[in-house]
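A.B. asks: mmCIF, C-alpha atoms and all ligand atoms, file upload-v8.cif:
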data_upload
#
loop_
_atom_site.label_atom_id
_atom_site.label_comp_id
_atom_site.auth_asym_id
_atom_site.auth_seq_id
_atom_site.Cartn_x
_atom_site.Cartn_y
_atom_site.Cartn_z
CA MET S 6 87.16 78.81 92.64
CA GLY S 7 86.44 78.94 96.39
CA LYS S 8 83.08 78.20 98.04
CA SER S 9 83.05 81.77 99.30
CA GLU S 10 82.64 83.00 95.71
CA GLU S 11 79.36 81.13 95.33
CA GLY S 12 76.38 83.06 96.63
CA SER S 13 76.68 86.37 98.43
CA GLY S 14 79.40 87.18 100.91
CA LYS S 15 76.78 87.60 103.64
CA GLU S 16 75.44 84.07 103.23
CA GLY S 17 78.99 82.74 103.34
CA MET S 18 79.76 84.60 106.56
CA GLU S 19 76.56 83.33 108.17
CA GLU S 20 77.46 79.80 107.16
CA LEU S 21 80.79 80.23 108.98
CA GLY S 22 79.16 81.68 112.08
CA GLY S 23 80.32 85.24 111.30
CA LYS S 24 84.02 84.31 111.56
CA VAL S 25 86.71 85.08 109.02
CA PRO S 26 87.33 81.67 107.41
CA MET S 27 90.64 79.89 107.55
CA ILE S 28 92.25 79.31 104.18
CA GLU S 29 91.46 75.56 104.33
CA GLU S 30 87.78 76.47 104.61
CA CYS S 31 87.74 78.51 101.41
CA GLY S 32 87.20 75.58 99.08
CA PHE S 33 90.56 75.55 97.32
CA ARG S 34 91.39 72.39 95.43
CA LYS S 35 94.22 70.13 96.68
CA GLU S 36 96.62 71.32 93.94
CA GLU S 37 95.82 74.94 94.74
CA MET S 38 96.55 74.35 98.43
CA GLU S 39 99.85 72.74 97.47
CA LEU S 40 100.73 75.72 95.31
CA LEU S 41 99.81 78.11 98.13
CA SER S 42 102.11 76.29 100.52
CA THR S 43 105.03 76.76 98.12
CA LEU S 44 104.50 80.51 97.68
CA LYS S 45 107.49 82.59 98.62
CA PRO S 46 106.02 86.07 99.09
CA SER S 47 108.90 88.36 98.34
CA ILE S 48 107.55 91.64 99.63
CA LYS S 49 105.42 93.34 102.23
CA ALA S 50 102.54 95.36 100.86
CA GLY S 51 101.55 98.96 101.65
CA GLU S 52 102.93 102.47 101.80
CA GLU S 53 104.83 101.93 105.03
CA ALA S 54 106.74 98.99 103.59
CA GLY S 55 107.33 100.91 100.34
CA LEU S 56 108.75 103.92 102.19
CA HIS S 57 110.94 101.64 104.27
CA GLN S 58 112.26 100.06 101.09
CA LEU S 59 112.93 103.47 99.53
CA ARG S 60 114.77 104.58 102.69
CA THR S 61 116.93 101.45 102.52
CA VAL S 62 117.75 102.14 98.89
CA LEU S 63 118.64 105.77 99.67
CA ASP S 64 120.72 104.93 102.75
CA THR S 65 122.72 102.15 101.14
CA LYS S 66 125.83 103.58 99.53
CA THR S 67 126.16 100.73 97.08
CA SER S 68 122.51 100.74 96.01
CA PHE S 69 123.14 101.74 92.42
CA ASP S 70 126.59 100.22 91.95
CA HIS S 71 125.42 97.56 89.53
CA TYR S 72 122.01 98.84 88.51
CA ASN S 73 122.41 98.12 84.80
CA ASP S 74 123.95 94.70 85.26
CA GLN S 75 121.40 93.65 87.84
CA LYS S 76 118.68 93.80 85.21
CA ASP S 77 120.31 90.68 83.82
CA GLU S 78 120.15 88.74 87.06
CA LEU S 79 117.49 86.09 86.96
CA GLN S 80 116.93 85.90 90.70
CA GLN S 81 115.19 88.90 92.21
CA LYS S 82 117.76 91.50 93.19
CA LYS S 83 119.41 90.62 96.46
CA ALA S 84 122.03 93.32 96.81
CA GLY S 85 121.90 96.93 95.69
CA PRO S 86 118.60 98.63 95.07
CA ALA S 87 116.30 95.78 95.94
CA SER S 88 113.43 96.27 93.59
CA LEU S 89 111.01 99.14 94.10
CA THR S 90 108.78 98.09 91.28
CA GLN S 91 105.91 96.45 93.19
CA TRP S 92 105.37 99.54 95.35
CA VAL S 93 105.74 101.95 92.46
CA VAL S 94 103.19 100.29 90.21
CA ASN S 95 100.66 99.70 92.98
CA GLY S 96 100.66 103.35 94.02
CA CYS S 97 102.28 102.70 97.43
CA LEU S 98 105.23 104.86 96.42
CA SER S 99 104.93 108.09 94.48
CA VAL S 100 106.99 107.92 91.29
CA ARG S 101 107.75 111.64 91.60
CA ARG S 102 109.08 111.13 95.09
CA VAL S 103 111.30 108.23 94.03
CA TYR S 104 112.53 110.20 91.00
CA GLU S 105 113.35 113.32 93.07
CA GLU S 106 114.87 111.62 96.10
CA VAL S 107 117.06 109.31 94.05
CA GLY S 108 118.13 112.29 91.95
CA ARG S 109 119.43 114.08 95.07
CA LEU S 110 121.76 111.21 95.95
CA GLU S 111 125.43 112.00 95.86
CA SER S 112 127.07 108.92 94.48
CA LYS S 113 129.90 107.84 92.29
CA GLN S 114 127.32 105.92 90.31
CA ALA S 115 125.82 108.97 88.60
CA GLU S 116 125.37 107.14 85.32
CA GLU S 117 123.57 104.23 86.90
CA ILE S 118 121.31 106.58 88.86
CA GLU S 119 120.42 108.42 85.67
CA GLN S 120 119.63 105.09 84.05
CA PHE S 121 117.28 104.23 86.91
CA ARG S 122 115.58 107.63 86.58
CA SER S 123 115.26 107.24 82.85
CA ASP S 124 113.62 103.83 83.43
CA LEU S 125 111.01 105.63 85.51
CA LEU S 126 110.53 108.02 82.59
CA LEU S 127 110.21 105.06 80.23
CA ARG S 128 107.27 103.92 82.32
CA ASP S 129 105.59 107.31 81.79
CA PHE S 130 106.46 107.25 78.11
CA LEU S 131 104.59 103.95 77.81
CA TYR S 132 101.63 105.52 79.66
CA PHE S 133 101.45 108.30 77.10
CA ARG S 134 101.83 105.93 74.20
CA ALA S 135 98.91 103.86 75.52
CA LEU S 136 96.87 107.04 75.97
CA LYS S 137 97.53 107.99 72.37
CA TYR S 138 96.69 104.63 70.79
CA GLN S 139 93.97 103.59 73.24
CA SER S 140 92.51 100.12 72.60
CA LYS S 141 94.80 99.46 69.63
CA TYR S 142 97.70 99.47 72.10
CA PHE S 143 96.21 96.58 74.07
CA ASN S 144 94.18 94.63 71.54
CA ALA S 145 95.64 94.92 68.06
CA GLU S 146 97.01 91.61 66.84
CA TYR S 147 99.98 93.28 65.15
CA GLY S 148 100.41 96.22 67.48
CA ILE S 149 100.15 99.92 66.84
CA TYR S 150 102.36 99.78 63.74
CA ASP S 151 100.51 96.86 62.10
CA ARG S 152 103.77 94.90 61.90
CA SER S 153 102.47 91.60 60.63
CA ASN S 154 105.90 90.00 60.25
CA ASP S 155 104.87 86.92 62.21
CA LYS S 156 101.56 85.15 61.80
CA TRP S 157 100.31 84.30 65.27
CA GLU S 158 99.01 80.88 66.13
CA THR S 159 96.91 79.81 69.10
CA ASP S 160 97.74 76.24 69.93
CA PRO S 161 95.96 75.33 73.19
CA ILE S 162 98.24 72.35 73.83
CA ILE S 163 101.42 74.42 73.52
CA ILE S 164 99.94 77.23 75.61
CA GLU S 165 98.83 74.86 78.38
CA LYS S 166 102.25 73.23 78.46
CA ILE S 167 103.95 76.57 78.86
CA LYS S 168 101.54 77.87 81.48
CA GLY S 169 101.94 74.65 83.44
CA ALA S 170 105.76 74.85 83.39
CA LYS S 171 105.86 71.78 81.14
CA SER S 172 107.51 73.19 78.02
CA GLY S 173 110.52 70.90 78.45
CA MET S 174 112.78 73.98 78.19
CA PRO S 175 114.19 74.30 81.74
CA MET S 176 114.78 78.06 81.56
CA ILE S 177 111.17 78.68 80.51
CA ASP S 178 109.73 76.24 83.06
CA ALA S 179 111.83 77.79 85.83
CA LEU S 180 110.66 81.29 84.88
CA VAL S 181 107.03 80.17 84.97
CA ARG S 182 107.44 78.62 88.43
CA CYS S 183 109.31 81.70 89.61
CA LEU S 184 106.47 83.93 88.37
CA LYS S 185 103.79 81.79 89.95
CA THR S 186 105.49 81.44 93.32
CA THR S 187 106.99 84.90 93.79
CA GLY S 188 104.88 87.14 91.52
CA TYR S 189 108.06 88.50 89.97
CA ILE S 190 110.51 87.82 87.15
CA SER S 191 113.49 90.01 86.39
CA LEU S 192 113.66 92.08 83.21
CA ARG S 193 116.01 89.55 81.56
CA GLY S 194 113.66 86.69 82.46
CA ARG S 195 110.62 88.55 81.13
CA MET S 196 112.38 89.18 77.84
CA ILE S 197 113.54 85.56 77.47
CA PHE S 198 110.04 84.25 78.14
CA ALA S 199 108.22 86.73 75.91
CA HIS S 200 110.59 86.14 72.97
CA TYR S 201 110.23 82.39 73.26
CA PHE S 202 106.45 82.52 73.48
CA SER S 203 105.87 84.91 70.60
CA GLN S 204 108.86 84.86 68.27
CA ASP S 205 109.97 81.22 68.66
CA LEU S 206 106.65 79.46 69.12
CA LYS S 207 104.64 82.12 67.24
CA GLN S 208 101.91 82.08 69.84
CA ASP S 209 99.70 85.16 70.01
CA TRP S 210 101.60 87.66 72.18
CA ARG S 211 98.36 88.86 73.79
CA ILE S 212 97.86 85.47 75.45
CA GLY S 213 101.39 85.68 76.87
CA ALA S 214 100.80 89.22 78.14
CA LYS S 215 97.56 88.15 79.86
CA PHE S 216 99.39 85.25 81.51
CA PHE S 217 101.98 87.66 82.95
CA GLN S 218 99.22 90.03 83.97
CA LYS S 219 97.59 87.33 86.08
CA TYR S 220 100.64 86.65 88.25
CA GLN S 221 102.91 89.72 88.26
CA LEU S 222 102.83 91.68 91.50
CA ASP S 223 104.13 94.68 89.55
CA PHE S 224 101.56 94.31 86.77
CA GLU S 225 101.14 97.66 85.07
CA PRO S 226 99.02 97.63 81.87
CA CYS S 227 100.94 100.21 79.83
CA SER S 228 104.38 98.78 80.70
CA ILE S 229 103.43 95.17 80.20
CA TYR S 230 101.74 95.65 76.82
CA GLY S 231 104.41 98.06 75.58
CA GLU S 232 107.17 95.65 76.58
CA TRP S 233 105.38 92.69 75.03
CA HIS S 234 105.13 94.65 71.74
CA ALA S 235 108.91 94.99 71.75
CA SER S 236 109.56 91.34 72.67
CA ALA S 237 107.09 90.04 70.10
CA GLY S 238 108.76 92.07 67.36
CA ILE S 239 105.80 94.38 66.73
CA GLY S 240 107.11 97.42 68.56
CA PRO S 241 109.09 100.35 67.17
CA GLY S 242 112.61 99.93 65.77
CA LYS S 243 114.78 96.90 65.33
CA ILE S 244 113.44 93.40 66.01
CA TYR S 245 115.62 91.58 68.52
CA LYS S 246 115.71 87.80 68.54
CA PHE S 247 116.73 85.94 71.66
CA HIS S 248 118.01 82.37 71.77
CA VAL S 249 116.79 80.73 74.97
CA LEU S 250 119.70 78.28 75.23
CA ASN S 251 122.33 80.93 74.65
CA GLN S 252 120.65 83.30 77.06
CA GLY S 253 120.55 80.52 79.63
CA GLN S 254 124.21 79.73 79.13
CA ALA S 255 125.14 83.36 79.52
CA PHE S 256 122.96 84.31 82.47
CA ASP S 257 122.61 81.02 84.31
CA PRO S 258 125.73 79.12 83.28
CA ASP S 259 125.79 76.91 86.36
CA GLY S 260 122.04 76.29 86.19
CA SER S 261 121.51 77.53 89.74
CA PHE S 262 118.43 79.58 88.82
CA ILE S 263 116.93 76.64 86.96
CA LYS S 264 117.65 74.18 89.77
CA SER S 265 116.18 76.48 92.40
CA TYR S 266 112.80 76.19 90.68
CA LEU S 267 113.15 72.75 89.10
CA PRO S 268 114.64 70.57 91.85
CA GLU S 269 113.76 67.53 89.74
CA LEU S 270 116.72 68.49 87.50
CA GLU S 271 119.18 68.72 90.38
CA LYS S 272 121.28 65.77 89.14
CA VAL S 273 121.40 66.81 85.48
CA PRO S 274 125.03 67.54 84.50
CA ILE S 275 125.75 71.18 83.77
CA GLU S 276 126.41 70.45 80.07
CA PHE S 277 122.75 69.51 79.67
CA ILE S 278 121.00 71.70 82.20
CA HIS S 279 119.60 73.99 79.49
CA ASP S 280 118.70 71.21 77.05
CA PRO S 281 118.23 68.00 79.03
CA TYR S 282 116.25 66.54 76.10
CA ARG S 283 119.62 66.00 74.40
CA MET S 284 120.90 63.70 77.13
CA PRO S 285 121.72 60.20 75.91
CA LYS S 286 119.42 57.52 77.33
CA GLU S 287 122.11 56.08 79.64
CA LEU S 288 122.78 59.48 81.15
CA GLN S 289 119.05 60.00 81.69
CA GLN S 290 118.97 56.76 83.66
CA LYS S 291 122.08 57.72 85.59
CA CYS S 292 120.78 61.09 86.74
CA GLY S 293 117.22 59.90 87.23
CA VAL S 294 115.67 62.28 84.71
CA ILE S 295 113.79 60.42 82.02
CA ILE S 296 112.65 62.72 79.26
CA GLY S 297 108.98 62.24 78.54
CA GLU S 298 108.47 60.61 81.96
CA THR S 299 109.99 62.51 84.87
CA TYR S 300 110.58 65.70 82.86
CA PRO S 301 108.54 66.72 79.79
CA ARG S 302 109.69 66.42 76.24
CA CYS S 303 110.67 69.76 74.72
CA ILE S 304 108.01 71.52 72.63
CA GLU S 305 109.05 71.07 69.00
CA CYS S 306 110.82 74.21 67.80
CA GLU S 307 113.47 74.02 65.10
CA ARG S 308 115.79 76.46 66.81
CA TYR S 309 116.12 74.27 69.86
CA THR S 310 115.39 70.77 68.72
CA GLN S 311 117.64 70.75 65.63
CA LYS S 312 120.26 68.03 65.66
CA ASP S 313 123.38 70.13 66.12
CA ARG S 314 123.42 72.46 69.05
CA ARG S 315 124.59 75.95 68.12
CA TYR S 316 126.82 77.56 70.68
CA PRO S 317 126.89 81.31 71.25
CA THR S 318 129.67 83.19 69.53
CA GLU S 319 132.71 84.02 71.59
CA ARG S 320 131.98 87.73 71.36
CA THR S 321 128.45 87.34 72.73
CA LEU S 322 129.55 85.09 75.52
CA GLU S 323 132.48 87.32 76.46
CA SER S 324 130.29 90.40 76.95
CA GLN S 325 127.68 88.44 78.88
CA LYS S 326 130.34 86.75 80.99
CA LYS S 327 131.58 90.12 82.16
CA ILE S 328 128.19 90.85 83.67
CA PHE S 329 128.00 87.44 85.29
CA GLU S 330 131.51 87.78 86.74
CA LYS S 331 130.89 91.26 88.05
CA VAL S 332 127.53 90.76 89.66
CA ILE S 333 126.49 87.19 90.07
CA LYS S 334 129.48 84.95 90.73
CA PRO S 335 132.93 86.52 90.70
CA GLY S 336 135.62 84.04 89.70
CA TYR S 337 133.25 81.62 87.98
CA PHE S 338 134.80 81.81 84.55
CA VAL S 339 138.42 81.13 85.32
CA LYS S 340 139.12 79.68 81.90
CA THR S 341 137.07 78.86 78.85
CA THR S 342 138.11 76.42 76.19
CA GLN S 343 137.54 77.30 72.58
CA GLN S 344 135.62 74.68 70.70
CA THR S 345 136.23 76.17 67.28
CA SER S 346 137.61 79.53 66.32
CA ARG S 347 134.25 81.18 67.01
CA ARG S 348 132.31 78.87 69.26
CA VAL S 349 132.85 78.55 72.98
CA LYS S 350 132.43 75.41 75.03
CA LEU S 351 130.63 75.40 78.36
CA PRO S 352 132.79 75.36 81.47
CA LYS S 353 133.08 71.79 82.76
CA ILE S 354 132.24 70.54 86.23
CA ASP S 355 133.07 67.17 87.73
C1 LIG E 401 107.56 91.21 78.79
C2 LIG E 401 107.74 92.30 79.81
C3 LIG E 401 106.70 92.63 80.67
C4 LIG E 401 106.86 93.68 81.58
N1 LIG E 401 105.81 94.00 82.41
C5 LIG E 401 105.93 95.03 83.29
C6 LIG E 401 104.86 95.39 84.17
O1 LIG E 401 103.79 94.79 84.17
N2 LIG E 401 105.05 96.41 85.04
C7 LIG E 401 106.23 97.12 85.08
O2 LIG E 401 106.36 98.03 85.89
N3 LIG E 401 107.26 96.80 84.26
C8 LIG E 401 107.15 95.79 83.38
N4 LIG E 401 108.20 95.46 82.56
C9 LIG E 401 109.41 96.30 82.59
C10 LIG E 401 110.53 95.81 83.54
O3 LIG E 401 110.74 94.42 83.38
C11 LIG E 401 110.20 96.06 85.00
O4 LIG E 401 109.77 97.38 85.19
C12 LIG E 401 111.42 95.85 85.82
O5 LIG E 401 111.92 94.55 85.63
C13 LIG E 401 111.05 96.14 87.26
O6 LIG E 401 111.84 95.47 88.11
P1 LIG E 401 113.07 96.11 88.88
O7 LIG E 401 113.28 95.18 89.98
O8 LIG E 401 114.19 96.34 87.94
O9 LIG E 401 112.45 97.48 89.40
P2 LIG E 401 113.15 98.84 89.71
O10 LIG E 401 114.57 98.89 89.24
O11 LIG E 401 112.94 99.13 91.14
O12 LIG E 401 112.29 99.82 88.79
C14 LIG E 401 111.30 100.68 89.34
C15 LIG E 401 110.36 101.13 88.27
O13 LIG E 401 111.04 101.59 87.09
C16 LIG E 401 110.20 101.36 85.96
N5 LIG E 401 110.91 100.55 84.98
C17 LIG E 401 112.14 99.96 85.12
N6 LIG E 401 112.48 99.33 83.97
C18 LIG E 401 111.43 99.50 83.12
C19 LIG E 401 111.19 99.08 81.78
N7 LIG E 401 112.09 98.37 81.09
N8 LIG E 401 110.02 99.43 81.22
C20 LIG E 401 109.08 100.15 81.90
N9 LIG E 401 109.26 100.58 83.15
C21 LIG E 401 110.42 100.28 83.75
C22 LIG E 401 108.99 100.60 86.47
O14 LIG E 401 107.94 101.53 86.68
C23 LIG E 401 109.44 100.04 87.78
O15 LIG E 401 108.32 99.90 88.63
C24 LIG E 401 108.07 94.39 81.64
C25 LIG E 401 109.12 94.03 80.78
C26 LIG E 401 108.96 92.99 79.89
C27 LIG E 401 110.10 92.62 78.96
#
Output the structure of this file as structure tokens.
C.D. replies:
Amino acid sequence: MGKSEEGSGKEGMEELGGKVPMIEECGFRKEEMELLSTLKPSIKAGEEAGLHQLRTVLDTKTSFDHYNDQKDELQQKKAGPASLTQWVVNGCLSVRRVYEEVGRLESKQAEEIEQFRSDLLLRDFLYFRALKYQSKYFNAEYGIYDRSNDKWETDPIIIEKIKGAKSGMPMIDALVRCLKTTGYISLRGRMIFAHYFSQDLKQDWRIGAKFFQKYQLDFEPCSIYGEWHASAGIGPGKIYKFHVLNQGQAFDPDGSFIKSYLPELEKVPIEFIHDPYRMPKELQQKCGVIIGETYPRCIECERYTQKDRRYPTERTLESQKKIFEKVIKPGYFVKTTQQTSRRVKLPKID
């Protein structure tokens, strides 16, 4: 990539007169420089920063108030226990220390604290599972249980579109930009992306896992591969199927997450923010988003490109709304209008 990678480091340093080069001198391409300038580093590295973060978590009374619900937030946690994950997985914070110190907290949120501690145990469980199954855990096409329910495909065009945030599915494109610019996606976002990639588009889950691996600041091999097994439907137990549009409606109903990473969709009306490819031509002109020109056409996938849009059931939306109301935007869902006896219409904006 950079000039400095060609030849030995010594030669490179001599060429630069023994000085540490500026980033512009490292031979990055124009697009790479542009990407670098948009990076929003979300954390400080190192043990000192990790300990500071842990102290903040321990000293903040409300740290664990919404721990379970915050897993569903798409933006990186802002309140409560701002994420510890990057320090934990990079060895800057001892897991035992986090486990013990959090366990000593006296809080009304005992259940949430136990959930956090059991998530730390889940990480170790995945370690042991990887130890047991060795290379099969990381490489087997159908996972450690040989669950060949889906036949994987490897379509380079589809894969490139997704990696380049050009799937035409705003939620997926926003998640990819979020990952590339911050090095982090929330648990909910990781699940939405991994389901779409493997179960909807049937692309080989291992390619998706490697893509995450390249950008995640909290990349941890046993967790990432174990979690991809589950999302791709080749893990233990029940196979869960996510619907990207319904997930988007539930966890980003006003499209604020999408718009924060896809400013080109700023003027798309809320009714179409998750599926702008359904906008009538006149509306596309009106909001300046021309599908196939200024925003990509959606990758063909029957679930999302079928003629009639399926809305989430009232029950699903109700339970997801509770989380949204409680944590993300209190008062957002003042009223919902029923479209049919079981389907719910999106809240309207002017
Ligand atoms: C497709 C996919 C890929 C994932 N890849 C990784 C990965 O590379 N590294 C990683 O640590 N986690 C991974 N996870 C698990 C989970 O998403 C993250 O651990 C979690 O989002 C960390 O963010 P947080 O802000 O909630 O961290 P915190 O709440 O601060 O959690 C701290 C630690 O708890 C552990 N933890 C929490 N939830 C989980 C979980 N569901 N599974 C395993 N460990 C957990 C992790 O060690 C994490 O570092 C992945 C999940 C999915 C669905």
A.B. asks: Quick check, in Å to one decimal: how far apart do atom CA of Ser228 of chain S and atom CA of Leu63 of chain S lie?
C.D. replies: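 Separation between atom CA of Ser228 of chain S and atom CA of Leu63 of chain S: 24.7 Å.
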A.B. asks: Determine, using only C-alpha atoms and all ligand atoms, which residues of chain S have any atom at most 7 Å from an atom of ligand LIG 401 (chain E), and tabulate each with its shortest atom pair and distance in Å to one decimal place, rows ordered by chain and then rising number, as CSV.
C.D. replies:
residue,atom,partner,partner_atom,distance
S:Lys76,CA,E:LIG401,O8,5.8
S:Gln81,CA,E:LIG401,O7,6.9
S:Lys82,CA,E:LIG401,O7,6.6
S:Pro86,CA,E:LIG401,O11,6.9
S:Ala87,CA,E:LIG401,O7,6.7
S:Ser88,CA,E:LIG401,O7,3.8
S:Leu89,CA,E:LIG401,O11,3.5
S:Thr90,CA,E:LIG401,O15,3.2
S:Gln91,CA,E:LIG401,O15,6.2
S:Val93,CA,E:LIG401,O15,5.1
S:Val94,CA,E:LIG401,O15,5.4
S:Phe121,CA,E:LIG401,O10,6.4
S:Asp124,CA,E:LIG401,C17,4.5
S:Leu125,CA,E:LIG401,O13,4.3
S:Leu127,CA,E:LIG401,C20,5.3
S:Arg128,CA,E:LIG401,N9,4.0
S:Ser191,CA,E:LIG401,O5,4.9
S:Leu192,CA,E:LIG401,O3,3.7
S:Arg195,CA,E:LIG401,C27,4.6
S:Met196,CA,E:LIG401,C27,4.3
S:Ala199,CA,E:LIG401,C1,5.4
S:Gln218,CA,E:LIG401,O1,6.6
S:Gln221,CA,E:LIG401,O1,6.6
S:Asp223,CA,E:LIG401,N2,4.9
S:Phe224,CA,E:LIG401,O1,3.5
S:Glu225,CA,E:LIG401,O1,4.0
S:Pro226,CA,E:LIG401,O1,6.0
S:Ser228,CA,E:LIG401,C5,4.8
S:Ile229,CA,E:LIG401,N1,3.5
S:Tyr230,CA,E:LIG401,C3,7.0
S:Glu232,CA,E:LIG401,C26,4.6
S:Trp233,CA,E:LIG401,C1,4.6
S:Ser236,CA,E:LIG401,C1,6.4
A.B. asks: Pull C-alpha atoms from the residues just selected and write them as a PDB file, keeping the file's coordinate frame.
C.D. replies:
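Resulting contents of out_39.pdb:
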ATOM      1  CA  LYS S  76     118.680  93.800  85.210  1.00  0.00           C
ATOM      2  CA  GLN S  81     115.190  88.900  92.210  1.00  0.00           C
ATOM      3  CA  LYS S  82     117.760  91.500  93.190  1.00  0.00           C
ATOM      4  CA  PRO S  86     118.600  98.630  95.070  1.00  0.00           C
ATOM      5  CA  ALA S  87     116.300  95.780  95.940  1.00  0.00           C
ATOM      6  CA  SER S  88     113.430  96.270  93.590  1.00  0.00           C
ATOM      7  CA  LEU S  89     111.010  99.140  94.100  1.00  0.00           C
ATOM      8  CA  THR S  90     108.780  98.090  91.280  1.00  0.00           C
ATOM      9  CA  GLN S  91     105.910  96.450  93.190  1.00  0.00           C
ATOM     10  CA  VAL S  93     105.740 101.950  92.460  1.00  0.00           C
ATOM     11  CA  VAL S  94     103.190 100.290  90.210  1.00  0.00           C
ATOM     12  CA  PHE S 121     117.280 104.230  86.910  1.00  0.00           C
ATOM     13  CA  ASP S 124     113.620 103.830  83.430  1.00  0.00           C
ATOM     14  CA  LEU S 125     111.010 105.630  85.510  1.00  0.00           C
ATOM     15  CA  LEU S 127     110.210 105.060  80.230  1.00  0.00           C
ATOM     16  CA  ARG S 128     107.270 103.920  82.320  1.00  0.00           C
ATOM     17  CA  SER S 191     113.490  90.010  86.390  1.00  0.00           C
ATOM     18  CA  LEU S 192     113.660  92.080  83.210  1.00  0.00           C
ATOM     19  CA  ARG S 195     110.620  88.550  81.130  1.00  0.00           C
ATOM     20  CA  MET S 196     112.380  89.180  77.840  1.00  0.00           C
ATOM     21  CA  ALA S 199     108.220  86.730  75.910  1.00  0.00           C
ATOM     22  CA  GLN S 218      99.220  90.030  83.970  1.00  0.00           C
ATOM     23  CA  GLN S 221     102.910  89.720  88.260  1.00  0.00           C
ATOM     24  CA  ASP S 223     104.130  94.680  89.550  1.00  0.00           C
ATOM     25  CA  PHE S 224     101.560  94.310  86.770  1.00  0.00           C
ATOM     26  CA  GLU S 225     101.140  97.660  85.070  1.00  0.00           C
ATOM     27  CA  PRO S 226      99.020  97.630  81.870  1.00  0.00           C
ATOM     28  CA  SER S 228     104.380  98.780  80.700  1.00  0.00           C
ATOM     29  CA  ILE S 229     103.430  95.170  80.200  1.00  0.00           C
ATOM     30  CA  TYR S 230     101.740  95.650  76.820  1.00  0.00           C
ATOM     31  CA  GLU S 232     107.170  95.650  76.580  1.00  0.00           C
ATOM     32  CA  TRP S 233     105.380  92.690  75.030  1.00  0.00           C
ATOM     33  CA  SER S 236     109.560  91.340  72.670  1.00  0.00           C
TER      34      SER S 236
END
A.B. asks: Residues at most 10 Å from Glu146 of chain S, counting all atoms listed in the file, excluding those fewer than 4 positions away in the same chain, as a list in words?
C.D. replies: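 Counting only the stated atoms, we get Lys141, Tyr142, Asp151, Arg152, Ser153, Lys156, Trp157, Asp209, Trp210, Arg211, His234 and Ile239 of chain S.
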A.B. asks: In Å, how far is it from atom CA of Leu222 of chain S to atom CA of Gly169 of chain S?
C.D. replies: 18.9 Å
A.B. asks: Compile the contact shell of Val273 of chain S as a list in words: residues with an atom at most 10 Å away, counting all atoms listed in the file, same-chain residues fewer than 5 positions apart removed.
C.D. replies: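 The filter keeps Gly260, Lys264, Ile278, His279, Asp280, Pro281, Met284, Leu288, Gln289, Lys291, Cys292, Gly293 and Val294 of chain S.
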A.B. asks: For Glu105 of chain S, which of S:Ile28, S:Val249, S:Leu59, S:Ala179 is the closest residue, counting only C-alpha atoms?
C.D. replies: S:Leu59
A.B. asks: Just how far from atom CA of Gln80 of chain S is atom CA of Ser261 of chain S, in Å to one decimal?
C.D. replies: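 Spanning atom CA of Ser261 of chain S to atom CA of Gln80 of chain S is a straight-line distance of 9.6 Å.
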A.B. asks: Just want the 10 Å neighbourhood of Arg193 of chain S, counted on all atoms listed in the file, with same-chain residues fewer than 5 positions away dropped. Output as a list in words.
C.D. replies: Gln75, Lys76, Asp77, Glu78, Leu79, Gln80, Phe198, Gln252 and Phe256 of chain S
A.B. asks: Those same residues, written as an mmCIF file, in the coordinates of the input with C-alpha atoms?
C.D. replies:
data_model
loop_
_atom_site.group_PDB
_atom_site.id
_atom_site.type_symbol
_atom_site.label_atom_id
_atom_site.label_comp_id
_atom_site.auth_asym_id
_atom_site.auth_seq_id
_atom_site.Cartn_x
_atom_site.Cartn_y
_atom_site.Cartn_z
ATOM 1 C CA GLN S 75 121.400 93.650 87.840
ATOM 2 C CA LYS S 76 118.680 93.800 85.210
ATOM 3 C CA ASP S 77 120.310 90.680 83.820
ATOM 4 C CA GLU S 78 120.150 88.740 87.060
ATOM 5 C CA LEU S 79 117.490 86.090 86.960
ATOM 6 C CA GLN S 80 116.930 85.900 90.700
ATOM 7 C CA PHE S 198 110.040 84.250 78.140
ATOM 8 C CA GLN S 252 120.650 83.300 77.060
ATOM 9 C CA PHE S 256 122.960 84.310 82.470
#
A.B. asks: At a cut-off of 12 Å, using only C-alpha atoms, what residues contact Cys183 of chain S? Leave out same-chain residues fewer than 6 positions from it and give the result as a compact mmCIF listing (two decimals) with C-alpha atoms, in the frame of the given file.
C.D. replies:
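Writing done, so here's selection.txt:
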# COMPACT_ATOMS: atom_id res chain seq x y z
CA LEU S 40 100.73 75.72 95.31
CA THR S 43 105.03 76.76 98.12
CA LEU S 44 104.50 80.51 97.68
CA LYS S 45 107.49 82.59 98.62
CA PRO S 46 106.02 86.07 99.09
CA SER S 47 108.90 88.36 98.34
CA LEU S 79 117.49 86.09 86.96
CA GLN S 80 116.93 85.90 90.70
CA GLN S 81 115.19 88.90 92.21
CA LYS S 168 101.54 77.87 81.48
CA GLY S 169 101.94 74.65 83.44
CA ALA S 170 105.76 74.85 83.39
CA PRO S 175 114.19 74.30 81.74
CA MET S 176 114.78 78.06 81.56
CA ILE S 177 111.17 78.68 80.51
CA TYR S 189 108.06 88.50 89.97
CA ILE S 190 110.51 87.82 87.15
CA SER S 191 113.49 90.01 86.39
CA GLY S 194 113.66 86.69 82.46
CA ARG S 195 110.62 88.55 81.13
CA PHE S 198 110.04 84.25 78.14
CA PHE S 217 101.98 87.66 82.95
CA TYR S 220 100.64 86.65 88.25
CA GLN S 221 102.91 89.72 88.26
CA PHE S 262 118.43 79.58 88.82
CA ILE S 263 116.93 76.64 86.96
CA LYS S 264 117.65 74.18 89.77
CA SER S 265 116.18 76.48 92.40
CA TYR S 266 112.80 76.19 90.68
CA LEU S 267 113.15 72.75 89.10
